[in-house]
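Remarks on the structure that follows.
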Amino acid sequence: MKVEKSIVIARPVEKVFAFVTQMENVKRWLPVTEVQALSNGPLGVGSRFRQSGEFMGQHFEGAIEVTRYEPSHAFSFKLVDGPFPLSNDMTFDAVPGGTRLTLVGEADPGSKLKFAGPFLMPMVRKQLDTQVNTLKRVIESE
């Protein structure tokens, strides 16, 4: 299951990238209630975090690992300990008026939910729309 969403945020690339990659900020735009660093040192490829929260009405916990970190250009992570394989790739591009953030999420909910894909996709897309619009509102209000 793969979803993609782009949005233009009226702020410079450096500011958008810094906000998105500050892990404490995820609670401001994603359905995450707790974030805890599992690794020491500066954020980069291999950094790990434990997150918990709610997604589509279900409580979740999982550990994520940063898989790509290119300041002001790209940030990616994968779920390494959670209910199913999941990855998110974000790219940041300077455009007139701000930054185009493109988010691509891929998940494999497994064979038990494979049949539900056509029914889940509209809900997942709606959730993603809500999340990126919240991110835009939060960043642009600062």
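Simple scheme: letters A, B, ... for chains in structure tokens order, numbers from 1 for residues in each chain, numbers from 1 for ligands in the order shown.
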Within 12 Å of Thr134 in chain A using only C-alpha atoms, minus same-chain residues under 2 positions, as a ChimeraX atom specification: /A:7,9,25-31,127-132,136-141
Selected residues written out, N, CA and C atoms, as a PDB file, in the first residue's frame:
```
ATOM      1  N   ILE A   7       2.648  19.189  -0.701  1.00  0.00           N
ATOM      2  CA  ILE A   7       2.025  20.418  -0.230  1.00  0.00           C
ATOM      3  C   ILE A   7       3.083  21.517  -0.232  1.00  0.00           C
ATOM      4  N   ILE A   9       4.481  24.777   1.550  1.00  0.00           N
ATOM      5  CA  ILE A   9       4.479  25.461   2.847  1.00  0.00           C
ATOM      6  C   ILE A   9       5.207  26.785   2.664  1.00  0.00           C
ATOM      7  N   ASN A  25       8.698  17.639  17.599  1.00  0.00           N
ATOM      8  CA  ASN A  25       7.627  18.313  16.851  1.00  0.00           C
ATOM      9  C   ASN A  25       6.608  17.353  16.256  1.00  0.00           C
ATOM     10  N   VAL A  26       6.946  16.076  16.119  1.00  0.00           N
ATOM     11  CA  VAL A  26       5.991  15.162  15.477  1.00  0.00           C
ATOM     12  C   VAL A  26       4.670  15.114  16.227  1.00  0.00           C
ATOM     13  N   LYS A  27       4.719  15.366  17.538  1.00  0.00           N
ATOM     14  CA  LYS A  27       3.486  15.362  18.333  1.00  0.00           C
ATOM     15  C   LYS A  27       2.558  16.509  17.938  1.00  0.00           C
ATOM     16  N   ARG A  28       3.094  17.500  17.234  1.00  0.00           N
ATOM     17  CA  ARG A  28       2.298  18.660  16.846  1.00  0.00           C
ATOM     18  C   ARG A  28       1.566  18.462  15.524  1.00  0.00           C
ATOM     19  N   TRP A  29       1.964  17.434  14.747  1.00  0.00           N
ATOM     20  CA  TRP A  29       1.308  17.265  13.445  1.00  0.00           C
ATOM     21  C   TRP A  29       0.984  15.821  13.086  1.00  0.00           C
ATOM     22  N   LEU A  30       1.463  14.882  13.850  1.00  0.00           N
ATOM     23  CA  LEU A  30       1.138  13.467  13.633  1.00  0.00           C
ATOM     24  C   LEU A  30       0.374  12.939  14.842  1.00  0.00           C
ATOM     25  N   PRO A  31      -0.301  11.807  14.707  1.00  0.00           N
ATOM     26  CA  PRO A  31      -1.058  11.257  15.839  1.00  0.00           C
ATOM     27  C   PRO A  31      -0.150  10.538  16.839  1.00  0.00           C
ATOM     28  N   GLN A 127      -6.323  10.658   6.220  1.00  0.00           N
ATOM     29  CA  GLN A 127      -5.453  10.866   7.382  1.00  0.00           C
ATOM     30  C   GLN A 127      -4.191  11.617   6.965  1.00  0.00           C
ATOM     31  N   LEU A 128      -3.587  11.229   5.847  1.00  0.00           N
ATOM     32  CA  LEU A 128      -2.383  11.896   5.358  1.00  0.00           C
ATOM     33  C   LEU A 128      -2.679  13.347   5.004  1.00  0.00           C
ATOM     34  N   ASP A 129      -3.798  13.610   4.337  1.00  0.00           N
ATOM     35  CA  ASP A 129      -4.191  14.988   4.024  1.00  0.00           C
ATOM     36  C   ASP A 129      -4.291  15.818   5.299  1.00  0.00           C
ATOM     37  N   THR A 130      -4.941  15.271   6.305  1.00  0.00           N
ATOM     38  CA  THR A 130      -5.089  15.976   7.582  1.00  0.00           C
ATOM     39  C   THR A 130      -3.725  16.268   8.194  1.00  0.00           C
ATOM     40  N   GLN A 131      -2.838  15.295   8.168  1.00  0.00           N
ATOM     41  CA  GLN A 131      -1.517  15.462   8.775  1.00  0.00           C
ATOM     42  C   GLN A 131      -0.693  16.538   8.076  1.00  0.00           C
ATOM     43  N   VAL A 132      -0.628  16.514   6.741  1.00  0.00           N
ATOM     44  CA  VAL A 132       0.196  17.514   6.055  1.00  0.00           C
ATOM     45  C   VAL A 132      -0.429  18.902   6.149  1.00  0.00           C
ATOM     46  N   LYS A 136       1.443  22.148   7.744  1.00  0.00           N
ATOM     47  CA  LYS A 136       1.488  23.445   7.062  1.00  0.00           C
ATOM     48  C   LYS A 136       0.993  24.554   7.994  1.00  0.00           C
ATOM     49  N   ARG A 137      -0.137  24.325   8.635  1.00  0.00           N
ATOM     50  CA  ARG A 137      -0.721  25.334   9.528  1.00  0.00           C
ATOM     51  C   ARG A 137       0.217  25.644  10.693  1.00  0.00           C
ATOM     52  N   VAL A 138       0.788  24.609  11.306  1.00  0.00           N
ATOM     53  CA  VAL A 138       1.670  24.800  12.460  1.00  0.00           C
ATOM     54  C   VAL A 138       2.929  25.564  12.060  1.00  0.00           C
ATOM     55  N   ILE A 139       3.583  25.146  10.980  1.00  0.00           N
ATOM     56  CA  ILE A 139       4.823  25.819  10.567  1.00  0.00           C
ATOM     57  C   ILE A 139       4.544  27.257  10.151  1.00  0.00           C
ATOM     58  N   GLU A 140       3.495  27.475   9.396  1.00  0.00           N
ATOM     59  CA  GLU A 140       3.209  28.830   8.911  1.00  0.00           C
ATOM     60  C   GLU A 140       2.744  29.760  10.026  1.00  0.00           C
ATOM     61  N   SER A 141       2.318  29.213  11.156  1.00  0.00           N
ATOM     62  CA  SER A 141       1.875  30.062  12.268  1.00  0.00           C
ATOM     63  C   SER A 141       3.043  30.497  13.157  1.00  0.00           C
TER      64      SER A 141
END
```
Assign secondary structure with DSSP using the backbone only, and return the residues of chain A in strand (DSSP E or B) as a PyMOL selection string. chain A and resi 2-9+32-37+48-55+58-70+74-81+86-95+98-107
At a cut-off of 9 Å, using only C-alpha atoms, what residues contact Ile64 in chain A? Leave out same-chain residues fewer than 5 positions from it and give the result as an mmCIF file with C-alpha atoms, in the first residue's frame.
```
data_model
loop_
_atom_site.group_PDB
_atom_site.id
_atom_site.type_symbol
_atom_site.label_atom_id
_atom_site.label_comp_id
_atom_site.auth_asym_id
_atom_site.auth_seq_id
_atom_site.Cartn_x
_atom_site.Cartn_y
_atom_site.Cartn_z
ATOM 1 C CA SER A 47 19.183 7.207 14.679
ATOM 2 C CA ARG A 48 16.326 5.397 16.426
ATOM 3 C CA PHE A 49 13.242 6.597 18.284
ATOM 4 C CA ARG A 50 10.343 4.925 20.057
ATOM 5 C CA GLN A 51 6.929 6.422 19.339
ATOM 6 C CA PHE A 77 12.617 6.496 8.168
ATOM 7 C CA LYS A 78 11.268 2.989 8.545
ATOM 8 C CA LEU A 79 9.394 1.222 11.300
ATOM 9 C CA VAL A 80 11.754 -1.398 12.719
ATOM 10 C CA ASP A 81 9.618 -2.567 15.619
ATOM 11 C CA GLY A 82 5.891 -2.292 15.125
ATOM 12 C CA SER A 87 8.436 3.520 5.572
#
```
What's around Glu142 in chain A at 12 Å? Count only C-alpha atoms, leave out sequence neighbours fewer than 6 positions away in its own chain, and write the answer as a list of chain:residue names.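 The contact residues come out as A:Ile9, A:Ala10, A:Arg11, A:Lys15, A:Val16, A:Phe19, A:Leu135, A:Lys136.
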Mind checking which residues fall within 10 Å of Val95 in chain A, counting only C-alpha atoms, ignoring those fewer than 3 positions away in the same chain, and posting them as a PyMOL selection string? chain A and resi 8-13+92+98-101
Please identify the alpha helix (DSSP H) residues within chain A (assignment by DSSP from backbone atoms) and present them as a PyMOL selection string. chain A and resi 13-21+26-29+111-114+117-141
Expected file: the selected residues, N, CA and C atoms, as a compact mmCIF listing (two decimals), in the first residue's frame:
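selection_35.txt was written with the following content:
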```txt
# COMPACT_ATOMS: atom_id res chain seq x y z
N VAL A 13 12.98 26.28 2.85
CA VAL A 13 13.30 24.85 2.96
C VAL A 13 13.99 24.53 4.29
N GLU A 14 14.96 25.35 4.66
CA GLU A 14 15.72 25.08 5.88
C GLU A 14 14.82 25.04 7.11
N LYS A 15 13.86 25.95 7.16
CA LYS A 15 12.95 25.99 8.32
C LYS A 15 12.01 24.78 8.34
N VAL A 16 11.48 24.41 7.17
CA VAL A 16 10.57 23.26 7.10
C VAL A 16 11.32 21.98 7.46
N PHE A 17 12.51 21.81 6.89
CA PHE A 17 13.30 20.61 7.19
C PHE A 17 13.63 20.53 8.67
N ALA A 18 14.07 21.65 9.25
CA ALA A 18 14.42 21.66 10.68
C ALA A 18 13.22 21.30 11.54
N PHE A 19 12.05 21.83 11.20
CA PHE A 19 10.85 21.53 11.99
C PHE A 19 10.49 20.05 11.89
N VAL A 20 10.46 19.52 10.69
CA VAL A 20 10.05 18.13 10.48
C VAL A 20 11.01 17.15 11.14
N THR A 21 12.30 17.46 11.13
CA THR A 21 13.29 16.52 11.66
C THR A 21 13.54 16.71 13.16
N VAL A 26 6.95 16.08 16.12
CA VAL A 26 5.99 15.16 15.48
C VAL A 26 4.67 15.11 16.23
N LYS A 27 4.72 15.37 17.54
CA LYS A 27 3.49 15.36 18.33
C LYS A 27 2.56 16.51 17.94
N ARG A 28 3.09 17.50 17.23
CA ARG A 28 2.30 18.66 16.85
C ARG A 28 1.57 18.46 15.52
N TRP A 29 1.96 17.43 14.75
CA TRP A 29 1.31 17.26 13.45
C TRP A 29 0.98 15.82 13.09
N SER A 111 -0.98 -10.19 5.03
CA SER A 111 -2.01 -10.93 4.30
C SER A 111 -3.38 -10.83 4.97
N LYS A 112 -3.42 -10.67 6.28
CA LYS A 112 -4.71 -10.59 6.98
C LYS A 112 -5.52 -9.38 6.54
N LEU A 113 -4.83 -8.28 6.21
CA LEU A 113 -5.53 -7.05 5.83
C LEU A 113 -5.42 -6.73 4.35
N LYS A 114 -4.76 -7.58 3.59
CA LYS A 114 -4.56 -7.30 2.16
C LYS A 114 -5.90 -7.09 1.44
N GLY A 117 -7.34 -3.49 1.55
CA GLY A 117 -6.62 -2.38 0.92
C GLY A 117 -7.50 -1.37 0.22
N PRO A 118 -8.41 -1.81 -0.67
CA PRO A 118 -9.26 -0.84 -1.37
C PRO A 118 -10.15 -0.03 -0.42
N PHE A 119 -10.48 -0.60 0.72
CA PHE A 119 -11.33 0.11 1.69
C PHE A 119 -10.50 1.01 2.60
N LEU A 120 -9.26 0.58 2.89
CA LEU A 120 -8.39 1.35 3.77
C LEU A 120 -7.79 2.57 3.09
N MET A 121 -7.51 2.47 1.80
CA MET A 121 -6.80 3.55 1.11
C MET A 121 -7.48 4.91 1.25
N PRO A 122 -8.79 5.03 1.06
CA PRO A 122 -9.41 6.35 1.23
C PRO A 122 -9.22 6.90 2.64
N MET A 123 -9.27 6.05 3.65
CA MET A 123 -9.07 6.50 5.03
C MET A 123 -7.62 6.93 5.26
N VAL A 124 -6.68 6.16 4.71
CA VAL A 124 -5.27 6.50 4.85
C VAL A 124 -4.97 7.81 4.14
N ARG A 125 -5.51 7.99 2.94
CA ARG A 125 -5.30 9.25 2.21
C ARG A 125 -5.88 10.44 2.98
N LYS A 126 -7.06 10.26 3.55
CA LYS A 126 -7.68 11.34 4.32
C LYS A 126 -6.82 11.68 5.54
N GLN A 127 -6.32 10.66 6.22
CA GLN A 127 -5.45 10.87 7.38
C GLN A 127 -4.19 11.62 6.97
N LEU A 128 -3.59 11.23 5.85
CA LEU A 128 -2.38 11.90 5.36
C LEU A 128 -2.68 13.35 5.00
N ASP A 129 -3.80 13.61 4.34
CA ASP A 129 -4.19 14.99 4.02
C ASP A 129 -4.29 15.82 5.30
N THR A 130 -4.94 15.27 6.30
CA THR A 130 -5.09 15.98 7.58
C THR A 130 -3.73 16.27 8.19
N GLN A 131 -2.84 15.29 8.17
CA GLN A 131 -1.52 15.46 8.77
C GLN A 131 -0.69 16.54 8.08
N VAL A 132 -0.63 16.51 6.74
CA VAL A 132 0.20 17.51 6.05
C VAL A 132 -0.43 18.90 6.15
N ASN A 133 -1.75 18.99 6.17
CA ASN A 133 -2.39 20.29 6.35
C ASN A 133 -2.15 20.84 7.75
N THR A 134 -2.13 19.96 8.75
CA THR A 134 -1.80 20.38 10.11
C THR A 134 -0.36 20.87 10.17
N LEU A 135 0.55 20.13 9.54
CA LEU A 135 1.96 20.53 9.49
C LEU A 135 2.09 21.92 8.87
N LYS A 136 1.44 22.15 7.74
CA LYS A 136 1.49 23.45 7.06
C LYS A 136 0.99 24.55 7.99
N ARG A 137 -0.14 24.32 8.64
CA ARG A 137 -0.72 25.33 9.53
C ARG A 137 0.22 25.64 10.69
N VAL A 138 0.79 24.61 11.31
CA VAL A 138 1.67 24.80 12.46
C VAL A 138 2.93 25.56 12.06
N ILE A 139 3.58 25.15 10.98
CA ILE A 139 4.82 25.82 10.57
C ILE A 139 4.54 27.26 10.15
N GLU A 140 3.49 27.47 9.40
CA GLU A 140 3.21 28.83 8.91
C GLU A 140 2.74 29.76 10.03
N SER A 141 2.32 29.21 11.16
CA SER A 141 1.87 30.06 12.27
C SER A 141 3.04 30.50 13.16
```
Atomic separation - CA of Gly44 in chain A relative to CA of Ala107 in chain A, Å: 22.4 Å
CA of His59 in chain A to CA of Ser39 in chain A, distance in Å rounded to a single decimal: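 Interatomic distance, CA of His59 in chain A to CA of Ser39 in chain A: 23.7 Å.
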Selected residue, from A:Asp108, A:Thr91, A:Ala37, A:Thr102, that lies nearest to Lys5 in chain A when counting only C-alpha atoms: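 Using only C-alpha atoms, Lys5 in chain A sits closest to A:Thr102.
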List the neighbours of Ser76 in chain A out to 8 Å using only C-alpha atoms; skip same-chain residues closer than 2 positions along the sequence, and give me the result as a PyMOL selection string. chain A and resi 66-69+74+78+87-90
Keeping only N, CA and C atoms, write the selected residues as a PDB file, in the first residue's frame.
```pdb
ATOM      1  N   VAL A  66      16.023   6.162  11.270  1.00  0.00           N
ATOM      2  CA  VAL A  66      16.271   7.089  10.166  1.00  0.00           C
ATOM      3  C   VAL A  66      17.089   6.361   9.103  1.00  0.00           C
ATOM      4  N   THR A  67      16.606   6.387   7.861  1.00  0.00           N
ATOM      5  CA  THR A  67      17.282   5.689   6.762  1.00  0.00           C
ATOM      6  C   THR A  67      17.891   6.650   5.739  1.00  0.00           C
ATOM      7  N   ARG A  68      17.499   7.905   5.798  1.00  0.00           N
ATOM      8  CA  ARG A  68      18.051   8.911   4.880  1.00  0.00           C
ATOM      9  C   ARG A  68      17.986  10.256   5.582  1.00  0.00           C
ATOM     10  N   TYR A  69      19.097  10.973   5.560  1.00  0.00           N
ATOM     11  CA  TYR A  69      19.152  12.282   6.203  1.00  0.00           C
ATOM     12  C   TYR A  69      20.062  13.173   5.372  1.00  0.00           C
ATOM     13  N   ALA A  74      16.209  15.813   2.072  1.00  0.00           N
ATOM     14  CA  ALA A  74      15.463  14.555   2.209  1.00  0.00           C
ATOM     15  C   ALA A  74      15.589  13.990   3.620  1.00  0.00           C
ATOM     16  N   LYS A  78      12.066   4.212   8.643  1.00  0.00           N
ATOM     17  CA  LYS A  78      11.268   2.989   8.545  1.00  0.00           C
ATOM     18  C   LYS A  78      10.919   2.529   9.950  1.00  0.00           C
ATOM     19  N   SER A  87       7.366   2.555   5.828  1.00  0.00           N
ATOM     20  CA  SER A  87       8.436   3.520   5.572  1.00  0.00           C
ATOM     21  C   SER A  87       7.824   4.833   5.113  1.00  0.00           C
ATOM     22  N   ASN A  88       8.520   5.916   5.428  1.00  0.00           N
ATOM     23  CA  ASN A  88       8.119   7.250   4.991  1.00  0.00           C
ATOM     24  C   ASN A  88       9.327   7.939   4.397  1.00  0.00           C
ATOM     25  N   ASP A  89       9.146   8.506   3.222  1.00  0.00           N
ATOM     26  CA  ASP A  89      10.190   9.268   2.549  1.00  0.00           C
ATOM     27  C   ASP A  89       9.669  10.676   2.328  1.00  0.00           C
ATOM     28  N   MET A  90      10.448  11.670   2.758  1.00  0.00           N
ATOM     29  CA  MET A  90      10.059  13.059   2.576  1.00  0.00           C
ATOM     30  C   MET A  90      11.150  13.788   1.819  1.00  0.00           C
TER      31      MET A  90
END
```
Rounded to one decimal place, report the CA of Val104 in chain A-CA of His73 in chain A distance in Å. 14.2 Å
